[in-house]
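This is structure.tsv (TSV, C-alpha atoms).
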chain	number	residue	atom	x	y	z
O	1	MET	CA	-27.27	124.97	57.09
O	2	SER	CA	-25.31	121.98	55.92
O	3	ARG	CA	-21.54	122.03	56.36
O	4	ARG	CA	-18.83	121.43	53.80
O	5	PRO	CA	-18.94	117.60	53.95
O	6	LEU	CA	-22.09	117.60	51.81
O	7	ALA	CA	-20.20	119.38	49.06
O	8	ILE	CA	-16.76	117.83	49.35
O	9	ALA	CA	-16.36	114.71	51.47
O	10	VAL	CA	-19.36	112.68	50.29
O	11	ALA	CA	-18.57	110.80	47.10
O	12	LEU	CA	-22.02	111.22	45.60
O	13	PHE	CA	-21.67	114.95	45.74
O	14	ALA	CA	-18.62	115.08	43.51
O	15	VAL	CA	-17.82	118.59	42.45
O	16	ALA	CA	-18.55	120.39	39.17
O	17	GLY	CA	-17.82	124.00	38.23
O	18	ALA	CA	-14.72	126.14	38.85
O	19	LEU	CA	-13.28	128.46	41.47
O	20	VAL	CA	-10.24	130.67	40.93
O	21	VAL	CA	-7.81	131.86	43.59
O	22	PHE	CA	-6.18	135.18	42.75
O	23	LEU	CA	-4.54	138.32	44.14
O	24	GLY	CA	-6.80	141.37	44.19
O	25	PRO	CA	-7.60	144.64	45.93
O	26	ARG	CA	-8.15	144.73	49.65
O	27	PRO	CA	-11.90	144.91	50.38
O	28	PRO	CA	-13.21	147.25	53.10
O	29	ALA	CA	-13.74	145.95	56.62
O	30	PRO	CA	-17.35	144.71	56.93
O	31	PRO	CA	-19.82	145.68	59.67
O	32	PRO	CA	-21.60	142.99	61.75
O	33	LEU	CA	-24.04	140.95	59.67
O	34	ALA	CA	-27.38	139.68	60.86
O	35	GLY	CA	-27.87	135.93	61.06
O	36	PRO	CA	-29.61	133.98	58.29
O	37	THR	CA	-33.38	133.84	58.18
O	38	ALA	CA	-35.48	130.71	57.91
O	39	THR	CA	-36.82	129.69	54.50
O	40	PRO	CA	-40.65	129.52	54.47
O	41	ALA	CA	-42.17	126.10	53.84
O	42	PRO	CA	-43.81	125.72	50.41
O	43	ALA	CA	-47.57	125.97	50.21
O	44	ALA	CA	-49.55	122.76	49.89
O	45	GLU	CA	-50.52	121.82	46.36
O	46	GLY	CA	-53.91	120.80	45.07
O	47	GLU	CA	-54.89	117.78	43.04
O	48	PRO	CA	-52.81	117.02	39.95
O	49	SER	CA	-54.06	118.07	36.56
O	50	PRO	CA	-55.71	115.53	34.22
O	51	ARG	CA	-53.44	113.14	32.35
O	52	PRO	CA	-52.57	114.50	28.90
O	53	ALA	CA	-52.40	112.44	25.74
O	54	ARG	CA	-49.18	110.44	25.61
O	55	GLU	CA	-46.49	111.56	23.20
O	56	ILE	CA	-43.26	109.99	22.03
O	57	VAL	CA	-40.46	111.46	24.06
O	58	ARG	CA	-37.91	113.11	21.80
O	59	THR	CA	-34.41	111.81	22.26
O	60	GLU	CA	-31.61	114.24	21.57
O	61	THR	CA	-28.28	113.44	20.00
O	62	TYR	CA	-25.30	115.69	19.53
O	63	LEU	CA	-21.99	114.78	17.98
O	64	ALA	CA	-19.09	117.06	18.84
O	65	PRO	CA	-16.43	117.34	16.13
O	66	VAL	CA	-13.24	115.39	16.86
O	67	ASP	CA	-9.80	115.72	15.27
O	68	ASP	CA	-8.93	112.11	14.45
O	69	SER	CA	-6.00	112.76	12.08
O	70	THR	CA	-3.40	111.53	14.57
O	71	LEU	CA	-5.24	108.53	16.02
O	72	THR	CA	-3.47	105.18	16.11
O	73	ALA	CA	-5.31	101.98	15.19
O	74	GLU	CA	-5.65	101.14	18.88
O	75	GLN	CA	-7.06	104.57	19.72
O	76	ALA	CA	-9.51	104.36	16.83
O	77	ALA	CA	-10.68	100.93	18.01
O	78	ALA	CA	-11.22	102.28	21.53
O	79	ALA	CA	-13.15	105.25	20.17
O	80	ALA	CA	-15.39	102.97	18.09
O	81	ALA	CA	-16.10	100.82	21.15
O	82	ARG	CA	-17.01	103.87	23.24
O	83	TYR	CA	-19.41	105.15	20.60
O	84	ARG	CA	-21.09	101.77	20.22
O	85	LYS	CA	-21.54	101.52	23.97
O	86	ALA	CA	-23.02	105.01	24.14
O	87	ALA	CA	-25.31	104.27	21.17
O	88	ARG	CA	-27.16	101.63	23.20
O	89	PHE	CA	-29.09	104.36	25.03
O	90	PRO	CA	-30.80	107.62	24.03
O	91	ARG	CA	-29.03	110.81	25.05
O	92	THR	CA	-31.83	111.69	27.45
O	93	SER	CA	-31.55	108.44	29.42
O	94	ARG	CA	-28.41	106.66	30.54
O	95	PRO	CA	-27.26	104.15	33.16
O	96	LEU	CA	-25.19	105.32	36.14
O	97	GLU	CA	-22.30	102.92	36.19
O	98	ASP	CA	-20.10	105.08	38.43
O	99	GLY	CA	-22.62	105.19	41.27
O	100	LEU	CA	-22.59	109.02	41.38
O	101	ASP	CA	-25.61	111.31	41.26
O	102	PRO	CA	-25.12	113.75	38.35
O	103	ILE	CA	-27.73	116.15	39.75
O	104	ALA	CA	-25.99	116.52	43.10
O	105	ARG	CA	-22.67	116.73	41.27
O	106	SER	CA	-23.89	119.66	39.18
O	107	ARG	CA	-25.03	121.65	42.23
O	108	ALA	CA	-21.90	121.23	44.34
O	109	PRO	CA	-19.18	123.84	43.83
O	110	GLN	CA	-15.69	122.75	42.86
O	111	VAL	CA	-13.01	123.56	45.39
O	112	ASP	CA	-9.57	123.64	43.80
O	113	PHE	CA	-6.34	123.70	45.75
O	114	GLU	CA	-3.67	124.10	43.11
O	115	GLY	CA	-0.68	123.51	45.35
O	116	ASP	CA	2.04	120.88	44.93
O	117	ALA	CA	5.24	119.81	46.61
O	118	LYS	CA	7.11	122.73	45.03
O	119	HIS	CA	4.46	125.26	46.10
O	120	PRO	CA	3.10	124.16	49.50
O	121	GLU	CA	2.39	127.70	50.72
O	122	PRO	CA	-1.06	128.42	52.23
O	123	ARG	CA	-3.92	129.25	49.87
O	124	LEU	CA	-7.30	130.81	50.55
O	125	LEU	CA	-10.31	128.87	49.25
O	126	ALA	CA	-13.74	130.49	48.95
O	127	TYR	CA	-16.88	128.86	47.58
O	128	PRO	CA	-20.69	129.00	47.89
O	129	ALA	CA	-22.65	126.32	49.73
O	130	ILE	CA	-24.29	125.49	46.38
O	131	THR	CA	-23.80	126.92	42.91
O	132	SER	CA	-27.29	128.44	42.66
O	133	PHE	CA	-29.49	129.90	45.41
O	134	ALA	CA	-33.23	130.47	45.01
O	135	ALA	CA	-35.44	133.12	46.61
O	136	PRO	CA	-36.32	133.45	49.45
O	137	GLY	CA	-33.23	131.59	50.65
O	138	ASP	CA	-30.01	133.04	51.99
O	139	VAL	CA	-26.66	133.15	50.23
O	140	VAL	CA	-24.03	131.21	52.20
O	141	ILE	CA	-20.31	131.45	51.44
O	142	TYR	CA	-17.54	129.34	52.98
O	143	ALA	CA	-13.85	130.21	53.26
O	144	GLU	CA	-10.78	128.42	54.63
O	145	ILE	CA	-7.00	128.62	54.44
O	146	VAL	CA	-5.32	125.35	53.46
O	147	GLU	CA	-1.75	124.25	52.90
O	148	LEU	CA	0.12	121.10	51.93
O	149	ARG	CA	2.29	119.20	54.41
O	150	MET	CA	4.04	115.88	54.49
O	151	ALA	CA	2.13	113.59	56.84
O	152	GLU	CA	1.88	109.90	57.58
O	153	ALA	CA	-0.78	108.11	55.57
O	154	TYR	CA	-2.93	105.20	56.77
O	155	ASP	CA	-4.33	102.25	54.85
O	156	GLU	CA	-7.91	101.01	54.96
O	157	ASN	CA	-7.13	98.97	58.07
O	158	GLY	CA	-5.73	101.96	59.94
O	159	ARG	CA	-2.10	100.90	59.66
O	160	PRO	CA	0.41	103.73	59.15
O	161	GLY	CA	2.28	103.91	55.89
O	162	ARG	CA	4.88	106.19	54.39
O	163	GLU	CA	4.47	109.93	54.45
O	164	THR	CA	2.57	111.64	51.63
O	165	LEU	CA	1.69	115.22	50.77
O	166	ARG	CA	-1.66	116.00	52.38
O	167	GLN	CA	-3.91	119.04	52.66
O	168	PHE	CA	-4.51	120.68	56.05
O	169	ARG	CA	-6.69	123.58	57.13
O	170	THR	CA	-4.79	126.33	58.96
O	171	GLY	CA	-5.81	129.23	61.17
O	172	ALA	CA	-6.63	132.80	60.21
O	173	ARG	CA	-6.47	135.97	62.27
O	174	ALA	CA	-9.29	137.54	60.27
O	175	MET	CA	-11.57	136.85	57.32
O	176	ARG	CA	-13.65	139.43	55.45
O	177	GLY	CA	-15.34	139.79	52.11
O	178	VAL	CA	-17.46	141.87	49.76
O	179	LEU	CA	-20.42	140.85	47.63
O	180	GLN	CA	-20.47	142.55	44.24
O	181	THR	CA	-21.92	142.30	40.77
O	182	MET	CA	-19.92	140.55	38.07
O	183	ASP	CA	-18.70	143.93	36.81
O	184	GLY	CA	-17.45	144.97	40.25
O	185	VAL	CA	-20.28	147.13	41.64
O	186	LEU	CA	-20.39	146.79	45.44
O	187	VAL	CA	-23.57	145.21	46.82
O	188	SER	CA	-22.66	144.57	50.44
O	189	PRO	CA	-19.72	143.80	52.73
O	190	LEU	CA	-19.74	140.26	54.13
O	191	ALA	CA	-18.78	139.30	57.66
O	192	PHE	CA	-17.22	135.85	58.01
O	193	HIS	CA	-17.55	134.02	61.34
O	194	ASP	CA	-15.83	131.10	62.99
O	195	ASP	CA	-17.56	131.38	66.35
O	196	GLY	CA	-20.45	128.95	65.95
O	197	THR	CA	-23.00	131.74	65.44
O	198	ARG	CA	-24.73	133.55	62.56
O	199	GLY	CA	-24.69	130.49	60.33
O	200	ASP	CA	-21.30	129.09	61.36
O	201	ALA	CA	-21.74	125.48	62.49
O	202	GLN	CA	-18.75	125.01	64.78
O	203	ALA	CA	-16.63	127.54	66.62
O	204	GLY	CA	-12.86	127.56	66.26
O	205	ASP	CA	-12.51	124.97	63.48
O	206	ASP	CA	-10.88	127.44	61.04
O	207	PHE	CA	-13.82	126.97	58.68
O	208	TRP	CA	-15.41	130.38	58.15
O	209	THR	CA	-19.01	131.14	57.12
O	210	ALA	CA	-20.72	134.26	55.81
O	211	ALA	CA	-24.43	134.68	55.08
O	212	TYR	CA	-26.30	137.33	53.13
O	213	THR	CA	-30.09	137.72	53.13
O	214	PRO	CA	-31.55	139.43	50.05
O	215	ASP	CA	-34.64	141.55	50.61
O	216	PRO	CA	-37.49	138.99	50.66
O	217	ASP	CA	-39.98	141.66	49.52
O	218	THR	CA	-38.10	142.40	46.27
O	219	PRO	CA	-36.41	139.12	45.25
O	220	ASN	CA	-36.33	140.03	41.55
O	221	ALA	CA	-34.10	143.00	42.34
O	222	PHE	CA	-31.34	140.58	43.43
O	223	ARG	CA	-31.82	138.04	40.66
O	224	GLY	CA	-28.63	137.41	38.71
O	225	GLN	CA	-25.02	136.27	38.95
O	226	TYR	CA	-22.69	137.67	41.60
O	227	GLN	CA	-19.14	137.31	42.78
O	228	VAL	CA	-17.64	137.38	46.25
O	229	VAL	CA	-14.13	138.67	46.91
O	230	VAL	CA	-12.66	137.31	50.15
O	231	GLN	CA	-9.54	138.41	51.98
O	232	ALA	CA	-7.87	136.57	54.85
O	233	GLU	CA	-5.04	137.40	57.21
O	234	THR	CA	-3.03	134.31	58.09
O	235	SER	CA	-1.70	133.50	61.54
O	236	LYS	CA	1.69	134.76	60.32
O	237	GLY	CA	0.23	138.07	59.18
O	238	ASP	CA	0.22	137.39	55.43
O	239	THR	CA	-2.70	138.49	53.26
O	240	LEU	CA	-4.46	136.03	50.94
O	241	ASN	CA	-7.26	136.75	48.47
O	242	ALA	CA	-9.78	134.59	46.63
O	243	THR	CA	-12.94	135.01	44.62
O	244	THR	CA	-15.97	132.86	43.86
O	245	SER	CA	-19.35	133.32	42.21
O	246	PHE	CA	-22.93	132.13	42.44
O	247	VAL	CA	-26.34	132.61	40.82
O	248	TYR	CA	-29.45	133.84	42.61
O	249	THR	CA	-32.76	132.92	40.98
O	250	VAL	CA	-36.44	133.58	41.43
O	251	GLU	CA	-38.50	130.58	40.45
O	252	ILE	CA	-41.00	130.98	37.62
O	253	ALA	CA	-42.05	127.33	37.91
O	254	HIS	CA	-41.90	124.57	40.50
O	255	LEU	CA	-42.46	120.87	40.94
O	256	THR	CA	-45.80	120.27	42.63
O	257	GLY	CA	-44.83	116.98	44.27
O	258	GLN	CA	-47.21	114.95	42.12
O	259	TYR	CA	-45.72	111.99	40.18
O	260	ARG	CA	-46.97	108.85	38.47
O	261	ASP	CA	-45.29	105.97	36.68
O	262	ALA	CA	-46.03	103.39	34.01
O	263	ILE	CA	-44.29	101.20	31.45
O	264	VAL	CA	-44.57	102.80	28.02
O	265	ASP	CA	-43.10	101.08	24.96
O	266	GLY	CA	-40.88	98.93	27.16
O	267	ASN	CA	-39.46	101.89	29.10
O	268	LEU	CA	-40.16	103.23	32.58
O	269	GLN	CA	-41.94	106.56	32.29
O	270	ILE	CA	-42.24	108.75	35.40
O	271	GLU	CA	-44.29	111.88	34.92
O	272	ALA	CA	-43.60	114.92	37.11
O	273	GLU	CA	-46.14	117.70	37.39
O	274	VAL	CA	-44.83	121.23	36.95
O	275	ALA	CA	-46.70	124.40	37.93
O	276	VAL	CA	-45.62	127.26	35.66
O	277	GLU	CA	-46.11	130.95	36.44
O	278	ASP	CA	-44.32	132.42	33.43
O	279	ALA	CA	-44.04	130.61	30.11
O	280	GLY	CA	-40.62	129.32	29.14
O	281	ARG	CA	-38.50	126.35	28.22
O	282	PHE	CA	-37.85	123.99	31.12
O	283	ARG	CA	-35.87	120.88	31.97
O	284	VAL	CA	-36.88	118.22	34.48
O	285	GLU	CA	-34.18	115.73	35.42
O	286	GLY	CA	-34.16	112.83	37.81
O	287	THR	CA	-31.80	110.20	39.20
O	288	LEU	CA	-33.30	106.73	39.69
O	289	VAL	CA	-32.25	104.20	42.35
O	290	THR	CA	-33.56	100.87	43.60
O	291	THR	CA	-35.84	101.48	46.57
O	292	ALA	CA	-34.53	98.50	48.54
O	293	ASP	CA	-30.82	99.37	48.62
O	294	ALA	CA	-30.50	102.78	46.88
O	295	LYS	CA	-28.39	101.34	44.06
O	296	MET	CA	-27.88	103.97	41.38
O	297	ILE	CA	-29.72	102.87	38.23
O	298	GLY	CA	-30.08	105.68	35.74
O	299	TYR	CA	-30.42	109.35	34.95
O	300	ALA	CA	-32.98	110.94	32.63
O	301	TYR	CA	-34.04	114.41	31.60
O	302	ALA	CA	-36.82	115.94	29.54
O	303	ASP	CA	-37.06	119.41	27.99
O	304	ALA	CA	-40.39	121.09	27.30
O	305	ASP	CA	-41.80	124.47	26.24
O	306	LEU	CA	-44.54	125.19	28.79
O	307	ASP	CA	-47.13	127.92	29.08
O	308	ALA	CA	-48.46	129.19	32.39
O	309	GLY	CA	-50.46	126.49	34.18
O	310	ARG	CA	-49.89	122.88	35.21
O	311	HIS	CA	-48.24	120.32	32.99
O	312	TRP	CA	-47.04	116.72	33.16
O	313	VAL	CA	-43.44	116.27	31.99
O	314	PRO	CA	-42.36	112.65	31.32
O	315	LEU	CA	-38.96	111.30	32.38
O	316	VAL	CA	-38.22	108.16	30.36
O	317	TYR	CA	-35.72	105.58	31.65
O	318	TYR	CA	-34.78	103.37	28.73
O	319	GLY	CA	-35.68	99.72	29.24
O	320	LEU	CA	-32.23	98.30	28.49
O	321	ILE	CA	-30.88	100.10	31.57
O	322	PHE	CA	-32.76	97.76	33.90
O	323	HIS	CA	-31.44	94.66	32.10
O	324	ASP	CA	-27.85	95.90	32.17
O	325	MET	CA	-28.09	96.87	35.84
O	326	ARG	CA	-30.01	93.66	36.74
O	327	ALA	CA	-32.24	95.73	38.96
O	328	PRO	CA	-35.88	94.84	39.67
O	329	GLY	CA	-38.19	97.45	41.22
O	330	PRO	CA	-39.64	99.23	42.94
O	331	TYR	CA	-37.54	102.26	42.09
O	332	SER	CA	-37.26	105.68	43.70
O	333	LEU	CA	-36.41	109.09	42.35
O	334	PHE	CA	-33.30	109.73	44.42
O	335	SER	CA	-33.19	113.38	43.33
O	336	VAL	CA	-35.22	115.55	40.99
O	337	MET	CA	-34.55	119.08	39.79
O	338	LEU	CA	-36.39	121.62	37.66
O	339	SER	CA	-34.50	124.31	35.75
O	340	THR	CA	-35.07	126.78	32.96
O	341	LEU	CA	-33.28	126.69	29.61
O	342	GLY	CA	-32.22	130.00	28.15
O	343	GLY	CA	-32.97	133.41	29.54
O	344	ALA	CA	-30.66	135.94	31.16
O	345	THR	CA	-30.58	134.16	34.53
O	346	PRO	CA	-31.45	130.44	34.42
O	347	GLN	CA	-33.47	128.99	37.28
O	348	GLU	CA	-32.19	125.97	39.17
O	349	SER	CA	-34.64	124.78	41.80
O	350	ASP	CA	-33.58	123.09	45.00
O	351	VAL	CA	-32.95	119.38	44.54
O	352	VAL	CA	-35.95	117.35	45.71
O	353	PRO	CA	-34.85	114.09	47.43
O	354	ASN	CA	-36.86	110.85	47.50
O	355	ALA	CA	-39.61	112.41	45.40
O	356	HIS	CA	-41.45	109.28	44.22
O	357	THR	CA	-41.47	105.48	44.50
O	358	THR	CA	-42.70	103.38	41.59
O	359	SER	CA	-44.60	100.13	41.44
O	360	ALA	CA	-42.68	96.86	41.88
O	361	TYR	CA	-41.70	96.19	38.28
O	362	GLU	CA	-39.66	93.17	37.21
O	363	VAL	CA	-36.67	93.40	34.92
O	364	GLY	CA	-38.52	91.31	32.34
O	365	ASP	CA	-41.24	93.98	32.14
O	366	PHE	CA	-38.84	96.24	30.23
O	367	GLY	CA	-37.56	96.09	26.71
O	368	ASP	CA	-33.97	94.95	26.17
O	369	ALA	CA	-33.31	96.20	22.63
O	370	PRO	CA	-30.46	98.71	22.23
O	371	PHE	CA	-31.44	102.17	21.11
O	372	ASN	CA	-28.73	102.32	18.42
O	373	ASP	CA	-28.36	106.08	18.29
O	374	PRO	CA	-27.78	106.64	14.55
O	375	GLU	CA	-25.16	109.38	14.93
O	376	TYR	CA	-23.17	107.37	17.47
O	377	MET	CA	-23.36	104.25	15.30
O	378	GLN	CA	-22.19	106.24	12.29
O	379	LYS	CA	-19.29	107.57	14.31
O	380	ALA	CA	-18.39	104.06	15.48
O	381	ASP	CA	-18.30	102.87	11.87
O	382	HIS	CA	-16.12	105.86	11.02
O	383	TYR	CA	-13.54	104.97	13.66
O	384	ASP	CA	-13.65	101.32	12.66
O	385	GLY	CA	-12.71	102.47	9.17
O	386	ILE	CA	-9.76	104.42	10.57
O	387	ARG	CA	-8.70	101.37	12.56
O	388	ARG	CA	-8.65	99.20	9.46
O	389	THR	CA	-6.73	101.70	7.33
O	390	ARG	CA	-4.07	102.04	10.01
O	391	GLY	CA	-3.34	98.36	10.39
O	392	GLY	CA	-5.74	97.40	13.16
O	393	ARG	CA	-7.72	94.20	13.30
Encoding of this model in structure tokens:
Amino acid sequence: MSRRPLAIAVALFAVAGALVVFLGPRPPAPPPLAGPTATPAPAAEGEPSPRPAREIVRTETYLAPVDDSTLTAEQAAAAAARYRKAARFPRTSRPLEDGLDPIARSRAPQVDFEGDAKHPEPRLLAYPAITSFAAPGDVVIYAEIVELRMAEAYDENGRPGRETLRQFRTGARAMRGVLQTMDGVLVSPLAFHDDGTRGDAQAGDDFWTAAYTPDPDTPNAFRGQYQVVVQAETSKGDTLNATTSFVYTVEIAHLTGQYRDAIVDGNLQIEAEVAVEDAGRFRVEGTLVTTADAKMIGYAYADADLDAGRHWVPLVYYGLIFHDMRAPGPYSLFSVMLSTLGGATPQESDVVPNAHTTSAYEVGDFGDAPFNDPEYMQKADHYDGIRRTRGGR
């Protein structure tokens, strides 16, 4: 099981979501917990289904209402520029100018330490290894006590600088938890370990790990959203409490591992095959990088209503992206994920890394015309009008 650095320290796995630290009732002491079980390897897939007739991929636009009554001319001009920049690409396909993978970002839990110089006291942090677990995998929860201290900072060359407020992990005498439904019904006590066993990666590092294995024979019985209440006893004998939540899903569809690519209407189209067990509405999303140096290029997603069976779902990377990024191919799908849309408990599959590598396309093979999203362009004109009426140039 991967340790916390995958979720926190690596820049690409920037966090998304929310955790809340709070005071709560003392959970019962947990009994010993069996170690995590191995996840079975997926079965081999057959040949891909025949290529369907090509369709125009629907691009989606949504314009959230904005209160612009107090905008200055400068703010209106900035808003118009942002909308015009966004209008260059369809909503379903955009460049990745920040170098971060939005798929990895969405799966990593946020870990908030809300301390400051006025409140440096220790806090208990608890969070899942990922925001959504899928059957037959285990649920893994991390916990640690952290506090703020003044400490010497170092520059990029390793030279010491002036002291700054920094976060440090501190020891705990004990750590325990309970797994429960979102309305507080007890499911199971959780035993946290810091001894290098039962899922804990390193003994004595004050980074605690708990694992829970749902019944593999009845995965649907555990499907849903859950919360974990954790209680720690500090080295000074104080009691700290925290809570976190996660989703456990049972897949009703999966990516088969079959992909193919082509240039369609000046755009790069990568089709992913999806095997569906139960009909539903699904989303396939993928992050594209250059194969040679893993430079982040773009992100795309496609939504589709699919019946049971095998289907090709096209991810379309808009041609202008490749001109703006000055990035010739081949390209690789850095990460791909399949999820459901709607339903009581959405499915989020495990992220598939390095799923497909395309042919060696040149930048000139792609179209360079802006998309000119009509709603974004209309909004840009609107803010330009505000700019002019408020004295802007």
Have a look at CA of Thr244 in chain O and CA of Ile103 in chain O and let me know their distance in Å, one decimal.
20.8 Å
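Checking O:Asp195, O:Asp265, O:Asp200, O:Asp138 one by one against Tyr212 in chain O, counting all atoms listed in the file, you find the shortest gap at O:Asp138.
Restricting the calculation to only C-alpha atoms, the smallest distance between Asp350 in chain O and any of O:Thr249, O:Gln225, O:Thr287, O:Gln378 is found for O:Thr249.
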Within 10 Å of Arg94 in chain O, counting only C-alpha atoms, which residues qualify if same-chain residues fewer than 3 places away don't, as a ChimeraX atom specification?
/O:86,88-91,97,287,297-301,316-318,320-321
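Interatomic distance, CA of Arg149 in chain O to CA of Arg123 in chain O: 12.7 Å.
Between CA of Asn241 in chain O and CA of Thr131 in chain O lies a distance of 20.0 Å.
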When you look at Gln231 in chain O with a cut-off of 7 Å (counting all atoms listed in the file), what residues show up, excluding the ones that are within fewer than 2 positions of it in the same chain? I need them as an NGL selection string.
:O and (26 or 175-177 or 229 or 233 or 239-242)
Between O:Thr209, O:Ser132, O:Ser332, O:Ser235, smallest distance to Tyr248 in chain O by all atoms listed in the file belongs to O:Ser132
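Shortest separation to His323 in chain O among O:Leu341, O:Ala129, O:Ala369, O:Ala76 occurs at residue O:Ala369, atoms counted being only C-alpha atoms.
Considering the residues O:Leu186, O:Leu333, O:Val247, O:Ala172 and counting all atoms listed in the file, Pro128 in chain O has its shortest atom-to-atom contact with O:Val247.
Distances here use only C-alpha atoms; by that measure, the residue among O:Thr340, O:Ser188, O:Asn157, O:Ser93 closest to Asp305 in chain O is O:Thr340.
By all atoms listed in the file, and with residues fewer than 2 positions from Thr170 in chain O along its chain excluded, the set lying at most 12 Å from it is Glu121, Pro122, Arg123, Leu124, Leu125, Ala143, Glu144, Ile145, Val146, Glu147, Leu148, Arg149, Gln167, Phe168, Ala172, Arg173, Gly204, Asp205, Asp206, Phe207, Trp208, Ala232, Glu233, Thr234, Ser235 and Lys236 of chain O.
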Please produce an output containing C-alpha atoms for each residue in the selection, written as a PDB file, in the coordinates of the input.
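What follows is the written file part_10.pdb:
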ATOM      1  CA  GLU O 121       2.390 127.700  50.720  1.00  0.00           C
ATOM      2  CA  PRO O 122      -1.060 128.420  52.230  1.00  0.00           C
ATOM      3  CA  ARG O 123      -3.920 129.250  49.870  1.00  0.00           C
ATOM      4  CA  LEU O 124      -7.300 130.810  50.550  1.00  0.00           C
ATOM      5  CA  LEU O 125     -10.310 128.870  49.250  1.00  0.00           C
ATOM      6  CA  ALA O 143     -13.850 130.210  53.260  1.00  0.00           C
ATOM      7  CA  GLU O 144     -10.780 128.420  54.630  1.00  0.00           C
ATOM      8  CA  ILE O 145      -7.000 128.620  54.440  1.00  0.00           C
ATOM      9  CA  VAL O 146      -5.320 125.350  53.460  1.00  0.00           C
ATOM     10  CA  GLU O 147      -1.750 124.250  52.900  1.00  0.00           C
ATOM     11  CA  LEU O 148       0.120 121.100  51.930  1.00  0.00           C
ATOM     12  CA  ARG O 149       2.290 119.200  54.410  1.00  0.00           C
ATOM     13  CA  GLN O 167      -3.910 119.040  52.660  1.00  0.00           C
ATOM     14  CA  PHE O 168      -4.510 120.680  56.050  1.00  0.00           C
ATOM     15  CA  ALA O 172      -6.630 132.800  60.210  1.00  0.00           C
ATOM     16  CA  ARG O 173      -6.470 135.970  62.270  1.00  0.00           C
ATOM     17  CA  GLY O 204     -12.860 127.560  66.260  1.00  0.00           C
ATOM     18  CA  ASP O 205     -12.510 124.970  63.480  1.00  0.00           C
ATOM     19  CA  ASP O 206     -10.880 127.440  61.040  1.00  0.00           C
ATOM     20  CA  PHE O 207     -13.820 126.970  58.680  1.00  0.00           C
ATOM     21  CA  TRP O 208     -15.410 130.380  58.150  1.00  0.00           C
ATOM     22  CA  ALA O 232      -7.870 136.570  54.850  1.00  0.00           C
ATOM     23  CA  GLU O 233      -5.040 137.400  57.210  1.00  0.00           C
ATOM     24  CA  THR O 234      -3.030 134.310  58.090  1.00  0.00           C
ATOM     25  CA  SER O 235      -1.700 133.500  61.540  1.00  0.00           C
ATOM     26  CA  LYS O 236       1.690 134.760  60.320  1.00  0.00           C
TER      27      LYS O 236
END
Find the residues around Val250 in chain O up to 7 Å (all atoms listed in the file counted), leave out those fewer than 5 positions away in its own chain, and share them as a ChimeraX atom specification.
/O:134-135,219-220,223,347
Taking only residues of range 306-386 of chain O that have an atom at most 8 Å from an atom of range 253-264 of chain O, what is each one's shortest atom pair and its distance in Å to one decimal, using only C-alpha atoms, in chain and number order, as a Markdown table?
| residue | atom | partner | partner_atom | distance |
| --- | --- | --- | --- | --- |
| O:Leu338 | CA | O:His254 | CA | 6.9 |
| O:Ser349 | CA | O:His254 | CA | 7.4 |
| O:Ala355 | CA | O:Gly257 | CA | 7.0 |
| O:His356 | CA | O:Tyr259 | CA | 6.5 |
| O:Thr358 | CA | O:Asp261 | CA | 6.1 |
| O:Ser359 | CA | O:Asp261 | CA | 7.6 |
| O:Asp365 | CA | O:Ile263 | CA | 7.9 |
| O:Phe366 | CA | O:Ile263 | CA | 7.5 |
Set the distance at 10 Å and use all atoms listed in the file: which residues neighbour Ala210 in chain O once local chain neighbours fewer than 4 positions away are removed? I'd like the list as a list in words.
Leu33, Ala34, Gly35, Pro36, Pro128, Val139, Val140, Ile141, Tyr142, Ala143, Met175, Arg176, Gly177, Leu190, Ala191, Phe192, His193, Asp194, Arg198, Gly199 and Asp200 of chain O
Subset file: range 359-377 of chain O, C-alpha atoms, as a CSV table (one decimal), in the first residue's frame:
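So the final result, stored in out.csv, reads:
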chain,number,residue,atom,x,y,z
O,359,SER,CA,1.1,7.4,-33.3
O,360,ALA,CA,3.8,10.0,-33.8
O,361,TYR,CA,1.7,12.9,-34.9
O,362,GLU,CA,3.1,16.3,-35.8
O,363,VAL,CA,1.8,19.6,-34.5
O,364,GLY,CA,0.8,20.6,-38.0
O,365,ASP,CA,-1.5,17.6,-38.3
O,366,PHE,CA,-3.9,19.3,-36.0
O,367,GLY,CA,-6.3,22.2,-36.5
O,368,ASP,CA,-5.4,25.5,-35.0
O,369,ALA,CA,-8.7,27.3,-35.1
O,370,PRO,CA,-10.1,28.4,-31.7
O,371,PHE,CA,-13.4,26.8,-30.6
O,372,ASN,CA,-15.0,30.1,-29.7
O,373,ASP,CA,-17.5,28.7,-27.1
O,374,PRO,CA,-20.5,30.9,-27.8
O,375,GLU,CA,-21.5,31.3,-24.1
O,376,TYR,CA,-18.0,32.2,-23.1
O,377,MET,CA,-17.7,34.7,-26.0
